[in-house]
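**Student:** This is final.pdb (PDB, C-alpha atoms and all ligand atoms).
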```pdb
ATOM      1  CA  MET P 113      11.403 -35.512 158.490
ATOM      2  CA  MET P 114      13.174 -37.182 155.584
ATOM      3  CA  LYS P 115      16.683 -38.442 156.116
ATOM      4  CA  PRO P 116      19.226 -36.265 154.241
ATOM      5  CA  MET P 117      20.228 -39.075 151.847
ATOM      6  CA  MET P 118      16.607 -39.850 151.075
ATOM      7  CA  ALA P 119      15.945 -36.177 150.369
ATOM      8  CA  VAL P 120      18.819 -36.112 147.882
ATOM      9  CA  ILE P 121      17.444 -39.161 146.077
ATOM     10  CA  VAL P 122      13.920 -37.765 145.980
ATOM     11  CA  ALA P 123      15.204 -34.437 144.702
ATOM     12  CA  ALA P 124      17.242 -36.192 142.021
ATOM     13  CA  LEU P 125      14.227 -38.189 140.914
ATOM     14  CA  LEU P 126      12.042 -35.127 140.770
ATOM     15  CA  LEU P 127      14.619 -33.138 138.888
ATOM     16  CA  GLY P 128      15.353 -36.050 136.592
ATOM     17  CA  GLY P 129      11.680 -36.434 135.886
ATOM     18  CA  ALA P 130      11.235 -32.762 135.219
ATOM     19  CA  ALA P 131      14.259 -32.684 132.948
ATOM     20  CA  ALA P 132      13.048 -35.695 130.989
ATOM     21  CA  ARG P 133       9.633 -34.121 130.619
ATOM     22  CA  ALA P 134      11.117 -30.821 129.526
ATOM     23  CA  GLN P 135      13.086 -32.634 126.840
ATOM     24  CA  GLU P 136      10.141 -34.474 125.380
ATOM     25  CA  THR P 137       8.301 -32.457 122.755
ATOM     26  CA  THR P 138       4.991 -33.486 121.251
ATOM     27  CA  LEU P 139       4.315 -32.449 117.674
ATOM     28  CA  ARG P 140       0.674 -31.849 116.842
ATOM     29  CA  MET P 141       0.214 -33.243 113.360
ATOM     30  CA  VAL P 142      -2.616 -32.687 110.884
ATOM     31  CA  THR P 143      -3.267 -33.764 107.308
ATOM     32  CA  GLY P 144      -4.982 -32.217 104.307
ATOM     33  CA  PHE P 145      -5.898 -35.701 103.066
ATOM     34  CA  PRO P 146      -8.823 -37.862 104.164
ATOM     35  CA  GLU P 147      -8.131 -39.404 107.574
ATOM     36  CA  ASN P 148      -9.012 -42.911 106.466
ATOM     37  CA  GLY P 149      -7.228 -42.691 103.118
ATOM     38  CA  ILE P 150      -4.156 -44.484 101.784
ATOM     39  CA  TYR P 151      -1.658 -41.847 102.864
ATOM     40  CA  MET P 152      -2.710 -42.044 106.508
ATOM     41  CA  LYS P 153      -2.707 -45.843 106.240
ATOM     42  CA  HIS P 154       0.845 -45.704 104.921
ATOM     43  CA  LEU P 155       1.804 -43.460 107.830
ATOM     44  CA  GLU P 156       0.218 -45.393 110.688
ATOM     45  CA  PRO P 157       2.969 -47.993 111.299
ATOM     46  CA  TRP P 158       5.518 -45.202 111.040
ATOM     47  CA  LEU P 159       3.707 -43.107 113.643
ATOM     48  CA  GLN P 160       3.576 -46.060 116.030
ATOM     49  CA  ARG P 161       7.243 -46.743 115.671
ATOM     50  CA  PHE P 162       8.105 -43.061 115.916
ATOM     51  CA  ASN P 163       6.278 -42.752 119.209
ATOM     52  CA  SER P 164       7.739 -45.910 120.677
ATOM     53  CA  GLU P 165      11.328 -45.050 119.694
ATOM     54  CA  GLY P 166      10.863 -41.379 120.514
ATOM     55  CA  LYS P 167       9.742 -41.824 124.145
ATOM     56  CA  GLY P 168      11.246 -39.105 126.303
ATOM     57  CA  LEU P 169      12.476 -37.226 123.233
ATOM     58  CA  LEU P 170       9.882 -36.587 120.542
ATOM     59  CA  GLN P 171       6.302 -37.674 120.033
ATOM     60  CA  ILE P 172       3.710 -37.085 117.321
ATOM     61  CA  ASN P 173       0.099 -36.532 118.264
ATOM     62  CA  PHE P 174      -2.119 -36.948 115.214
ATOM     63  CA  ILE P 175      -4.886 -34.371 115.609
ATOM     64  CA  GLY P 176      -6.902 -35.134 112.506
ATOM     65  CA  GLY P 177      -7.691 -34.499 108.863
ATOM     66  CA  PRO P 178      -9.840 -31.950 107.032
ATOM     67  CA  LYS P 179     -12.520 -32.042 109.744
ATOM     68  CA  ALA P 180      -9.965 -30.594 112.152
ATOM     69  CA  ILE P 181      -8.442 -28.173 109.640
ATOM     70  CA  PRO P 182      -9.863 -27.786 106.111
ATOM     71  CA  THR P 183      -7.600 -29.112 103.346
ATOM     72  CA  PHE P 184      -6.673 -25.754 101.885
ATOM     73  CA  GLU P 185      -6.047 -24.230 105.357
ATOM     74  CA  VAL P 186      -3.471 -26.773 106.479
ATOM     75  CA  GLY P 187      -0.553 -24.785 105.040
ATOM     76  CA  ASN P 188      -1.616 -21.661 106.926
ATOM     77  CA  ALA P 189      -1.981 -23.666 110.113
ATOM     78  CA  VAL P 190       1.622 -24.882 109.885
ATOM     79  CA  LYS P 191       2.914 -21.468 108.851
ATOM     80  CA  SER P 192       1.293 -19.778 111.853
ATOM     81  CA  GLY P 193       2.001 -22.587 114.309
ATOM     82  CA  VAL P 194      -1.654 -23.496 114.901
ATOM     83  CA  ALA P 195      -0.410 -26.965 113.909
ATOM     84  CA  ASP P 196       3.203 -28.066 114.310
ATOM     85  CA  MET P 197       3.417 -30.505 111.461
ATOM     86  CA  ALA P 198       1.423 -31.626 108.450
ATOM     87  CA  MET P 199       1.281 -34.415 105.941
ATOM     88  CA  THR P 200       0.035 -32.616 102.879
ATOM     89  CA  THR P 201       0.791 -31.693  99.278
ATOM     90  CA  GLY P 202       1.953 -28.467  97.690
ATOM     91  CA  ALA P 203      -1.264 -28.041  95.698
ATOM     92  CA  PHE P 204      -3.069 -27.542  99.006
ATOM     93  CA  TYR P 205      -0.968 -24.507 100.001
ATOM     94  CA  THR P 206      -0.330 -22.567  96.795
ATOM     95  CA  ASN P 207      -2.129 -19.760  98.668
ATOM     96  CA  LEU P 208       1.143 -19.403 100.632
ATOM     97  CA  MET P 209       3.604 -19.886  97.782
ATOM     98  CA  PRO P 210       3.127 -20.868  94.115
ATOM     99  CA  GLU P 211       6.372 -22.871  94.285
ATOM    100  CA  ALA P 212       4.627 -25.426  96.515
ATOM    101  CA  ASP P 213       3.011 -26.965  93.451
ATOM    102  CA  ALA P 214       6.356 -27.503  91.674
ATOM    103  CA  LEU P 215       7.246 -30.711  93.516
ATOM    104  CA  LYS P 216       4.788 -32.665  91.331
ATOM    105  CA  LEU P 217       7.091 -31.825  88.403
ATOM    106  CA  ALA P 218      10.117 -33.581  89.926
ATOM    107  CA  GLN P 219      11.628 -36.154  87.579
ATOM    108  CA  ILE P 220      14.239 -37.458  89.965
ATOM    109  CA  PRO P 221      13.429 -39.329  93.185
ATOM    110  CA  ILE P 222      13.588 -37.667  96.610
ATOM    111  CA  ALA P 223      16.686 -39.734  97.430
ATOM    112  CA  GLU P 224      18.476 -37.997  94.573
ATOM    113  CA  GLN P 225      16.960 -34.618  95.474
ATOM    114  CA  ARG P 226      18.712 -35.024  98.817
ATOM    115  CA  ARG P 227      22.033 -35.527  97.024
ATOM    116  CA  ASN P 228      21.909 -32.928  94.247
ATOM    117  CA  GLY P 229      21.005 -29.851  96.292
ATOM    118  CA  ALA P 230      17.274 -29.816  95.446
ATOM    119  CA  PHE P 231      16.372 -30.600  99.057
ATOM    120  CA  GLU P 232      18.344 -27.609 100.403
ATOM    121  CA  TYR P 233      16.907 -25.361  97.724
ATOM    122  CA  ILE P 234      13.350 -26.482  98.529
ATOM    123  CA  ASN P 235      14.069 -25.647 102.149
ATOM    124  CA  LYS P 236      15.445 -22.242 101.292
ATOM    125  CA  ILE P 237      12.163 -21.357  99.544
ATOM    126  CA  TRP P 238       9.876 -23.103 102.043
ATOM    127  CA  ASN P 239      11.645 -21.456 105.022
ATOM    128  CA  GLN P 240      11.477 -18.026 103.484
ATOM    129  CA  LYS P 241       7.997 -18.034 102.005
ATOM    130  CA  ALA P 242       5.948 -20.359 104.189
ATOM    131  CA  ASN P 243       7.808 -20.420 107.514
ATOM    132  CA  MET P 244       8.065 -24.176 107.012
ATOM    133  CA  TYR P 245      10.809 -26.707 107.320
ATOM    134  CA  TYR P 246      10.435 -29.287 104.528
ATOM    135  CA  LEU P 247      11.094 -32.647 106.178
ATOM    136  CA  GLY P 248      10.737 -35.081 103.318
ATOM    137  CA  ARG P 249       8.485 -36.802 100.828
ATOM    138  CA  LEU P 250       6.500 -39.908 101.585
ATOM    139  CA  VAL P 251       4.723 -40.451  98.262
ATOM    140  CA  GLU P 252       6.444 -40.987  94.905
ATOM    141  CA  PHE P 253       5.902 -43.188  91.859
ATOM    142  CA  GLN P 254       2.193 -42.289  91.734
ATOM    143  CA  PRO P 255       1.411 -40.552  88.448
ATOM    144  CA  PHE P 256      -1.771 -38.488  88.166
ATOM    145  CA  HIS P 257      -4.559 -39.459  85.793
ATOM    146  CA  ILE P 258      -7.730 -38.023  84.337
ATOM    147  CA  TYR P 259     -10.809 -39.979  85.449
ATOM    148  CA  LEU P 260     -13.962 -39.468  83.364
ATOM    149  CA  ASN P 261     -17.591 -40.382  83.027
ATOM    150  CA  LYS P 262     -17.718 -39.405  79.356
ATOM    151  CA  PRO P 263     -15.349 -40.934  76.806
ATOM    152  CA  ILE P 264     -12.721 -39.037  74.828
ATOM    153  CA  ASP P 265     -10.664 -40.347  71.902
ATOM    154  CA  LYS P 266      -7.837 -37.830  71.897
ATOM    155  CA  PRO P 267      -6.195 -35.402  74.348
ATOM    156  CA  ASP P 268      -9.050 -32.919  74.142
ATOM    157  CA  LEU P 269     -11.261 -32.034  77.113
ATOM    158  CA  THR P 270     -13.439 -29.456  75.367
ATOM    159  CA  GLY P 271     -16.947 -29.404  76.807
ATOM    160  CA  LEU P 272     -15.994 -31.305  79.958
ATOM    161  CA  LYS P 273     -16.139 -29.966  83.485
ATOM    162  CA  LEU P 274     -13.521 -31.485  85.743
ATOM    163  CA  ARG P 275     -12.736 -31.376  89.426
ATOM    164  CA  ILE P 276      -9.223 -30.124  90.032
ATOM    165  CA  THR P 277      -6.684 -28.806  92.483
ATOM    166  CA  PRO P 278      -3.835 -26.578  91.294
ATOM    167  CA  VAL P 279      -2.004 -29.784  90.265
ATOM    168  CA  TYR P 280      -4.141 -30.197  87.169
ATOM    169  CA  ARG P 281      -5.307 -26.669  86.382
ATOM    170  CA  ASP P 282      -2.862 -25.654  83.654
ATOM    171  CA  LEU P 283      -2.976 -28.963  81.808
ATOM    172  CA  PHE P 284      -6.752 -29.447  81.919
ATOM    173  CA  GLN P 285      -7.380 -25.871  80.830
ATOM    174  CA  ALA P 286      -4.811 -26.182  78.042
ATOM    175  CA  LEU P 287      -6.846 -29.185  76.839
ATOM    176  CA  GLY P 288     -10.032 -27.129  76.831
ATOM    177  CA  ALA P 289     -11.721 -28.253  80.064
ATOM    178  CA  THR P 290     -13.774 -26.157  82.439
ATOM    179  CA  VAL P 291     -12.466 -26.695  85.958
ATOM    180  CA  VAL P 292     -13.716 -26.535  89.525
ATOM    181  CA  THR P 293     -11.409 -26.753  92.519
ATOM    182  CA  THR P 294     -12.435 -28.947  95.446
ATOM    183  CA  ALA P 295     -10.828 -30.728  98.371
ATOM    184  CA  PRO P 296     -10.785 -34.541  98.083
ATOM    185  CA  GLY P 297     -13.662 -34.704 100.571
ATOM    186  CA  GLU P 298     -16.027 -33.034  98.109
ATOM    187  CA  VAL P 299     -15.290 -35.148  95.038
ATOM    188  CA  TYR P 300     -17.849 -37.882  95.721
ATOM    189  CA  THR P 301     -20.778 -35.487  96.017
ATOM    190  CA  ALA P 302     -19.684 -33.552  92.925
ATOM    191  CA  LEU P 303     -19.620 -36.812  90.922
ATOM    192  CA  GLU P 304     -22.863 -38.119  92.363
ATOM    193  CA  ARG P 305     -24.714 -34.925  91.536
ATOM    194  CA  GLY P 306     -23.183 -34.723  88.083
ATOM    195  CA  VAL P 307     -21.645 -31.350  88.883
ATOM    196  CA  VAL P 308     -18.440 -32.624  87.238
ATOM    197  CA  ASP P 309     -17.728 -35.064  84.398
ATOM    198  CA  GLY P 310     -14.581 -36.315  86.022
ATOM    199  CA  TYR P 311     -11.593 -35.471  88.165
ATOM    200  CA  GLY P 312      -7.856 -35.575  88.515
ATOM    201  CA  TRP P 313      -6.286 -37.968  91.033
ATOM    202  CA  PRO P 314      -3.210 -40.225  91.217
ATOM    203  CA  ILE P 315      -3.299 -43.845  90.105
ATOM    204  CA  GLY P 316      -3.926 -44.973  93.704
ATOM    205  CA  GLY P 317      -6.624 -44.095  96.173
ATOM    206  CA  ILE P 318      -9.883 -43.657  94.263
ATOM    207  CA  PHE P 319     -11.486 -46.443  96.322
ATOM    208  CA  ASP P 320     -10.882 -44.662  99.626
ATOM    209  CA  LEU P 321     -13.960 -42.495  99.229
ATOM    210  CA  ASN P 322     -15.862 -44.748  96.816
ATOM    211  CA  TRP P 323     -15.265 -42.693  93.706
ATOM    212  CA  GLN P 324     -15.190 -45.912  91.657
ATOM    213  CA  GLN P 325     -18.980 -45.914  91.998
ATOM    214  CA  HIS P 326     -19.079 -42.851  89.773
ATOM    215  CA  THR P 327     -16.062 -43.408  87.507
ATOM    216  CA  LYS P 328     -16.322 -44.948  84.035
ATOM    217  CA  TYR P 329     -12.921 -44.258  82.473
ATOM    218  CA  ARG P 330      -9.292 -43.668  83.382
ATOM    219  CA  VAL P 331      -7.118 -41.911  80.815
ATOM    220  CA  ASP P 332      -3.592 -43.275  80.231
ATOM    221  CA  PRO P 333      -0.769 -42.438  80.397
ATOM    222  CA  GLY P 334      -0.446 -40.793  83.786
ATOM    223  CA  PHE P 335       1.484 -37.552  84.117
ATOM    224  CA  TYR P 336       3.721 -35.881  86.770
ATOM    225  CA  ASP P 337       4.280 -37.624  90.112
ATOM    226  CA  ALA P 338       1.985 -37.188  93.097
ATOM    227  CA  GLU P 339       3.817 -35.495  95.925
ATOM    228  CA  VAL P 340       2.844 -35.926  99.551
ATOM    229  CA  SER P 341       5.302 -34.544 102.062
ATOM    230  CA  MET P 342       5.814 -33.748 105.712
ATOM    231  CA  VAL P 343       6.289 -30.110 106.659
ATOM    232  CA  LEU P 344       7.025 -28.574 110.039
ATOM    233  CA  ASN P 345       6.582 -25.093 111.475
ATOM    234  CA  LEU P 346       9.984 -23.429 111.102
ATOM    235  CA  ASP P 347      10.002 -21.741 114.537
ATOM    236  CA  LEU P 348       9.377 -25.099 116.113
ATOM    237  CA  TRP P 349      12.155 -26.690 114.042
ATOM    238  CA  LYS P 350      14.544 -24.063 115.386
ATOM    239  CA  ARG P 351      13.437 -24.724 118.966
ATOM    240  CA  LEU P 352      14.102 -28.467 118.776
ATOM    241  CA  SER P 353      17.346 -29.798 120.227
ATOM    242  CA  ASP P 354      20.006 -31.312 117.959
ATOM    243  CA  LYS P 355      19.051 -34.719 119.257
ATOM    244  CA  GLN P 356      15.368 -34.187 118.438
ATOM    245  CA  ARG P 357      16.201 -32.938 114.945
ATOM    246  CA  GLU P 358      18.463 -35.891 114.270
ATOM    247  CA  PHE P 359      15.773 -38.277 115.450
ATOM    248  CA  LEU P 360      13.148 -36.630 113.262
ATOM    249  CA  GLN P 361      15.413 -36.693 110.217
ATOM    250  CA  ARG P 362      16.334 -40.316 110.789
ATOM    251  CA  GLN P 363      12.656 -41.249 111.017
ATOM    252  CA  MET P 364      11.883 -39.301 107.830
ATOM    253  CA  LEU P 365      14.649 -41.112 105.960
ATOM    254  CA  ALA P 366      13.258 -44.436 107.150
ATOM    255  CA  LEU P 367       9.828 -43.395 105.875
ATOM    256  CA  GLU P 368      11.278 -42.412 102.489
ATOM    257  CA  THR P 369      12.901 -45.823 102.047
ATOM    258  CA  ARG P 370       9.344 -47.176 101.944
ATOM    259  CA  ASN P 371       8.464 -45.006  98.914
ATOM    260  CA  VAL P 372       9.236 -47.933  96.591
ATOM    261  CA  GLU P 373       6.077 -49.586  98.003
ATOM    262  CA  TRP P 374       4.074 -47.133  95.897
ATOM    263  CA  LYS P 375       5.223 -48.822  92.669
ATOM    264  CA  LYS P 376       3.452 -52.042  93.513
ATOM    265  CA  PHE P 377       0.499 -50.104  94.855
ATOM    266  CA  ALA P 378       0.163 -48.345  91.482
ATOM    267  CA  ALA P 379       0.011 -51.678  89.646
ATOM    268  CA  ASP P 380      -2.428 -53.137  92.198
ATOM    269  CA  GLU P 381      -4.717 -50.130  91.982
ATOM    270  CA  ALA P 382      -4.787 -50.180  88.172
ATOM    271  CA  GLU P 383      -5.832 -53.823  88.412
ATOM    272  CA  ARG P 384      -8.451 -53.074  91.037
ATOM    273  CA  GLN P 385      -9.891 -50.307  88.849
ATOM    274  CA  ALA P 386     -10.184 -52.729  85.933
ATOM    275  CA  GLN P 387     -11.935 -55.231  88.244
ATOM    276  CA  ALA P 388     -14.352 -52.487  89.260
ATOM    277  CA  GLY P 389     -15.258 -51.994  85.580
ATOM    278  CA  ILE P 390     -13.332 -48.800  84.967
ATOM    279  CA  GLN P 391     -12.258 -48.762  81.324
ATOM    280  CA  THR P 392      -8.908 -47.459  80.174
ATOM    281  CA  ILE P 393      -8.729 -44.820  77.468
ATOM    282  CA  ARG P 394      -5.207 -45.077  76.100
ATOM    283  CA  PHE P 395      -3.736 -42.413  73.853
ATOM    284  CA  ASP P 396      -1.594 -43.761  71.021
ATOM    285  CA  ASP P 397       2.167 -43.305  71.297
ATOM    286  CA  GLN P 398       2.296 -40.075  69.388
ATOM    287  CA  GLN P 399      -0.631 -38.537  71.276
ATOM    288  CA  ALA P 400       0.813 -39.738  74.575
ATOM    289  CA  LYS P 401       4.159 -38.155  73.814
ATOM    290  CA  LYS P 402       2.566 -34.832  72.967
ATOM    291  CA  TYR P 403       0.276 -35.048  76.005
ATOM    292  CA  LEU P 404       3.171 -35.575  78.425
ATOM    293  CA  ALA P 405       5.273 -32.881  76.782
ATOM    294  CA  LEU P 406       2.341 -30.473  77.092
ATOM    295  CA  ALA P 407       1.835 -31.408  80.763
ATOM    296  CA  TYR P 408       5.418 -30.506  81.704
ATOM    297  CA  GLU P 409       5.490 -27.505  79.410
ATOM    298  CA  VAL P 410       2.405 -25.855  80.914
ATOM    299  CA  GLY P 411       3.405 -26.921  84.419
ATOM    300  CA  TRP P 412       6.804 -25.231  84.244
ATOM    301  CA  ALA P 413       5.444 -22.256  82.311
ATOM    302  CA  ALA P 414       3.054 -21.576  85.204
ATOM    303  CA  GLN P 415       5.919 -21.905  87.698
ATOM    304  CA  LEU P 416       8.178 -19.573  85.722
ATOM    305  CA  LYS P 417       5.431 -17.004  85.495
ATOM    306  CA  ALA P 418       4.449 -17.156  89.170
ATOM    307  CA  SER P 419       7.990 -17.427  90.512
ATOM    308  CA  PRO P 420      10.612 -15.967  88.193
ATOM    309  CA  GLU P 421      12.925 -15.824  91.195
ATOM    310  CA  PHE P 422      12.967 -19.511  92.100
ATOM    311  CA  ALA P 423      11.442 -21.553  89.261
ATOM    312  CA  PRO P 424      14.508 -21.721  86.962
ATOM    313  CA  GLN P 425      16.774 -23.203  89.639
ATOM    314  CA  LEU P 426      13.969 -25.375  91.003
ATOM    315  CA  ARG P 427      13.440 -26.784  87.513
ATOM    316  CA  ALA P 428      17.130 -27.497  87.035
ATOM    317  CA  LEU P 429      17.341 -29.285  90.379
ATOM    318  CA  LEU P 430      14.058 -31.216  90.218
ATOM    319  CA  THR P 431      14.518 -32.452  86.681
ATOM    320  CA  GLY P 432      18.233 -33.129  87.048
ATOM    321  CA  ARG P 433      18.896 -31.071  83.899
ATOM    322  CA  GLN P 434      21.089 -28.024  84.377
TER
HETATM  323  O1  LIG D   1      -6.414 -33.479  95.556
HETATM  324  C1  LIG D   1      -5.703 -33.742  94.587
HETATM  325  O2  LIG D   1      -6.135 -34.225  93.545
HETATM  326  C2  LIG D   1      -4.270 -33.468  94.680
HETATM  327  O3  LIG D   1      -3.850 -32.378  94.403
HETATM  328  C3  LIG D   1      -3.368 -34.547  95.129
HETATM  329  C4  LIG D   1      -2.015 -34.302  95.298
HETATM  330  C5  LIG D   1      -1.168 -35.315  95.728
HETATM  331  C6  LIG D   1      -1.678 -36.559  95.990
HETATM  332  C7  LIG D   1      -3.032 -36.813  95.826
HETATM  333  C8  LIG D   1      -3.885 -35.814  95.397
END
```
Please rewrite the model in this file as structure tokens.
**Tutor:**
Amino acid sequence: MMKPMMAVIVAALLLGGAAARAQETTLRMVTGFPENGIYMKHLEPWLQRFNSEGKGLLQINFIGGPKAIPTFEVGNAVKSGVADMAMTTGAFYTNLMPEADALKLAQIPIAEQRRNGAFEYINKIWNQKANMYYLGRLVEFQPFHIYLNKPIDKPDLTGLKLRITPVYRDLFQALGATVVTTAPGEVYTALERGVVDGYGWPIGGIFDLNWQQHTKYRVDPGFYDAEVSMVLNLDLWKRLSDKQREFLQRQMLALETRNVEWKKFAADEAERQAQAGIQTIRFDDQQAKKYLALAYEVGWAAQLKASPEFAPQLRALLTGRQ
């Protein structure tokens, strides 16, 4: 028989242990981007720190990339709760809500979006239409570019077939291209087989899957701003304790302070592309101005058409122009 005092201590330990375990929640995270790509690399030190500081409270278990859940299914997985959390981009879940693709059109940084009401408005839409809580944005300052294997001398893509996601569709089609949508994981094969003459991608990351081997030109200037964000299943968000939510938000803010790193990365990647023999096709000032104006014009026109309810306010908030 245990002595009474001993029994009390043992009971306290058991209860304490059970309580601590009950409080710790593990978030199963997936990504729509390649597992060994730059975005996962950027995230790795954050994940380590998150899990060491979050012991007993909140943990993240990285399940995997597109092999676990295909790129364009990641949004559905978070919406339904098959996954708890995802690092992905809006273009990968326009099947849930066309508004998802609007974040690429932001012309003010996420830090400002958190101050001017954009962040709350994004959450209003994301909650309602995708059963997601929008946690924050971990990629900024990464404009998109056209990468080609055939030269052009003006903003005209007539006769070219390009790999896209919804990010690039309206612009590339407005410039006369034929388009084919693929996940990042299928770009290399499409280039190698000559199925496409080029692709859209941000300034950084083309080396991750060896696309430089089949890339002759990059077109400047870049347009929009690549958005990669963290989203969470909304039911799960509601189930978390205040303490867990605060911790998660604090970690997200810490991650966002590292977004400035992408500026240097952009410059480094442009240099690396030049080293790899990729030539730059640069529109002259007048062409560039028209090209960028067209990019935003067709981008917002598509948003206004697909989402008359939310696009006007989203545009005001994301561009900082009322
Ligand atoms: O796959 C893509 O080209 C794409 O849509 C995207 C979006 C954000 C960052 C990188 C790629």
**Student:** Residue by residue, what does the PyMOL selection byres (((chain P and resi 428) around 12) and not hetatm) grab here? Present the result as an MDAnalysis selection string.
**Tutor:** chainID P and resid 214 217:220 225 228:230 233 412 422:427 429:434
**Student:** I'd like the contact shell of segment 189-206 of chain P - 6 Å cut-off, all atoms listed in the file, skipping same-chain residues fewer than 4 positions apart - returned as a VMD selection string.
**Tutor:** chain P and resid 139 to 144 184 210 212 to 213 242 to 243 278 to 279 339 to 345
**Student:** Would you work out the distance separating atom CA of Ala386 of chain P from atom CA of Ala407 of chain P, expressed in Å to one decimal?
**Tutor:**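 Interatomic distance, atom CA of Ala386 of chain P to atom CA of Ala407 of chain P: 25.0 Å.
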**Student:** For the atom pair atom C8 of ligand LIG 1 (chain D) and atom CA of Asn239 of chain P, what is the interatomic distance in Å to one decimal place?
**Tutor:** 23.2 Å
**Student:** Which distance in Å separates atom CA of Gln391 of chain P and atom CA of Glu298 of chain P, to one decimal?
**Tutor:** 23.3 Å
**Student:** Would you mind telling me which residue in P:Val299, P:Ile237, P:Leu404, P:Val308 lies nearest to ligand LIG 1 (chain D) when using all atoms listed in the file?
**Tutor:**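 Once distances to ligand LIG 1 (chain D) are computed over all atoms listed in the file, the minimum belongs to P:Val299.
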**Student:** Within 7 Å of Arg394 of chain P, counting only C-alpha atoms, which residues qualify if same-chain residues fewer than 2 places away don't, as a ChimeraX atom specification?
**Tutor:** /P:331-333,392,396
**Student:** Step by step, work through what the PyMOL selection byres (((chain P and resi 336) around 7) and not hetatm) selects in the shown file, and finish by giving those residues as an MDAnalysis selection string.
**Tutor:** chainID P and resid 216:217 255:256 335 337:338
**Student:** Exactly which residues make up the result of the PyMOL selection byres (((chain P and resi 320-325) around 9) and not hetatm) on this file, given as a list in words?
**Tutor:**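 When the PyMOL selection byres (((chain P and resi 320-325) around 9) and not hetatm) is applied to the shown file, the picked residues are Pro146, Asn148, Gly149, Ile150, Pro296, Gly297, Val299, Tyr300, Leu303, Glu304, Gly317, Ile318, Phe319, His326, Thr327, Lys328, Gln385, Ala388, Gly389 and Ile390 of chain P.
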**Student:** Generate a file of the selected residues that holds C-alpha atoms, formatted as a PDB file, keeping the file's coordinate frame.
**Tutor:**
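Output saved as part-v9.pdb:
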```
ATOM      1  CA  PRO P 146      -8.823 -37.862 104.164  1.00  0.00           C
ATOM      2  CA  ASN P 148      -9.012 -42.911 106.466  1.00  0.00           C
ATOM      3  CA  GLY P 149      -7.228 -42.691 103.118  1.00  0.00           C
ATOM      4  CA  ILE P 150      -4.156 -44.484 101.784  1.00  0.00           C
ATOM      5  CA  PRO P 296     -10.785 -34.541  98.083  1.00  0.00           C
ATOM      6  CA  GLY P 297     -13.662 -34.704 100.571  1.00  0.00           C
ATOM      7  CA  VAL P 299     -15.290 -35.148  95.038  1.00  0.00           C
ATOM      8  CA  TYR P 300     -17.849 -37.882  95.721  1.00  0.00           C
ATOM      9  CA  LEU P 303     -19.620 -36.812  90.922  1.00  0.00           C
ATOM     10  CA  GLU P 304     -22.863 -38.119  92.363  1.00  0.00           C
ATOM     11  CA  GLY P 317      -6.624 -44.095  96.173  1.00  0.00           C
ATOM     12  CA  ILE P 318      -9.883 -43.657  94.263  1.00  0.00           C
ATOM     13  CA  PHE P 319     -11.486 -46.443  96.322  1.00  0.00           C
ATOM     14  CA  HIS P 326     -19.079 -42.851  89.773  1.00  0.00           C
ATOM     15  CA  THR P 327     -16.062 -43.408  87.507  1.00  0.00           C
ATOM     16  CA  LYS P 328     -16.322 -44.948  84.035  1.00  0.00           C
ATOM     17  CA  GLN P 385      -9.891 -50.307  88.849  1.00  0.00           C
ATOM     18  CA  ALA P 388     -14.352 -52.487  89.260  1.00  0.00           C
ATOM     19  CA  GLY P 389     -15.258 -51.994  85.580  1.00  0.00           C
ATOM     20  CA  ILE P 390     -13.332 -48.800  84.967  1.00  0.00           C
TER      21      ILE P 390
END
```
**Student:** With a distance cut-off of 7 Å and only C-alpha atoms, select the neighbouring residues of Leu250 of chain P, excluding the residue or stretch itself and same-chain residues fewer than 2 positions from it, and output the selection as an MDAnalysis selection string.
**Tutor:** chainID P and resid 248 252 340:341 367:368 371
**Student:** With all atoms listed in the file as the basis for distance, which of P:Trp313, P:Thr137, P:Glu156, P:Leu170 is at the shortest distance from ligand LIG 1 (chain D)?
**Tutor:**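 The closest residue to ligand LIG 1 (chain D) is P:Trp313.
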**Student:** Residues within 12 Å of Lys376 of chain P, please, as JSON, numbers by chain. Count all atoms listed in the file; anything in the same chain fewer than 3 positions from it doesn't count.
**Tutor:** {"P": [252, 253, 254, 315, 316, 370, 371, 372, 373, 379, 380, 381, 382, 383]}
**Student:** As lines of an AutoDock Vina configuration file, please: the centre and edge lengths in Å, to one decimal, of an axis-aligned box enclosing every listed atom of ligand LIG 1 (chain D) with 8 Å added on each side.
**Tutor:**
```
center_x = -3.8
center_y = -34.6
center_z = 94.8
size_x = 21.2
size_y = 20.4
size_z = 18.4
```
**Student:** Quick one: of P:Arg275, P:Lys417, P:Arg362, P:Arg384, who's nearest to ligand LIG 1 (chain D), counting all atoms listed in the file?
**Tutor:**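 Ranked by minimum distance to ligand LIG 1 (chain D), first place goes to P:Arg275.
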**Student:** Which residue out of P:Leu159, P:Leu169, P:Leu208, P:Leu215 has the minimum interatomic distance to ligand LIG 1 (chain D) when all atoms listed in the file are used?
**Tutor:**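 When distances to ligand LIG 1 (chain D) are compared using all atoms listed in the file, the smallest one comes from P:Leu215.
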**Student:** Find the spatial neighbours of Ile264 of chain P, counting all atoms listed in the file, within a cut-off of 10 Å - ignore same-chain residues fewer than 4 positions away - and output them as a list in words.
**Tutor:** Leu260, Asp268, Leu269, Thr270, Leu272, Tyr329, Val331, Ile393, Arg394 and Phe395 of chain P
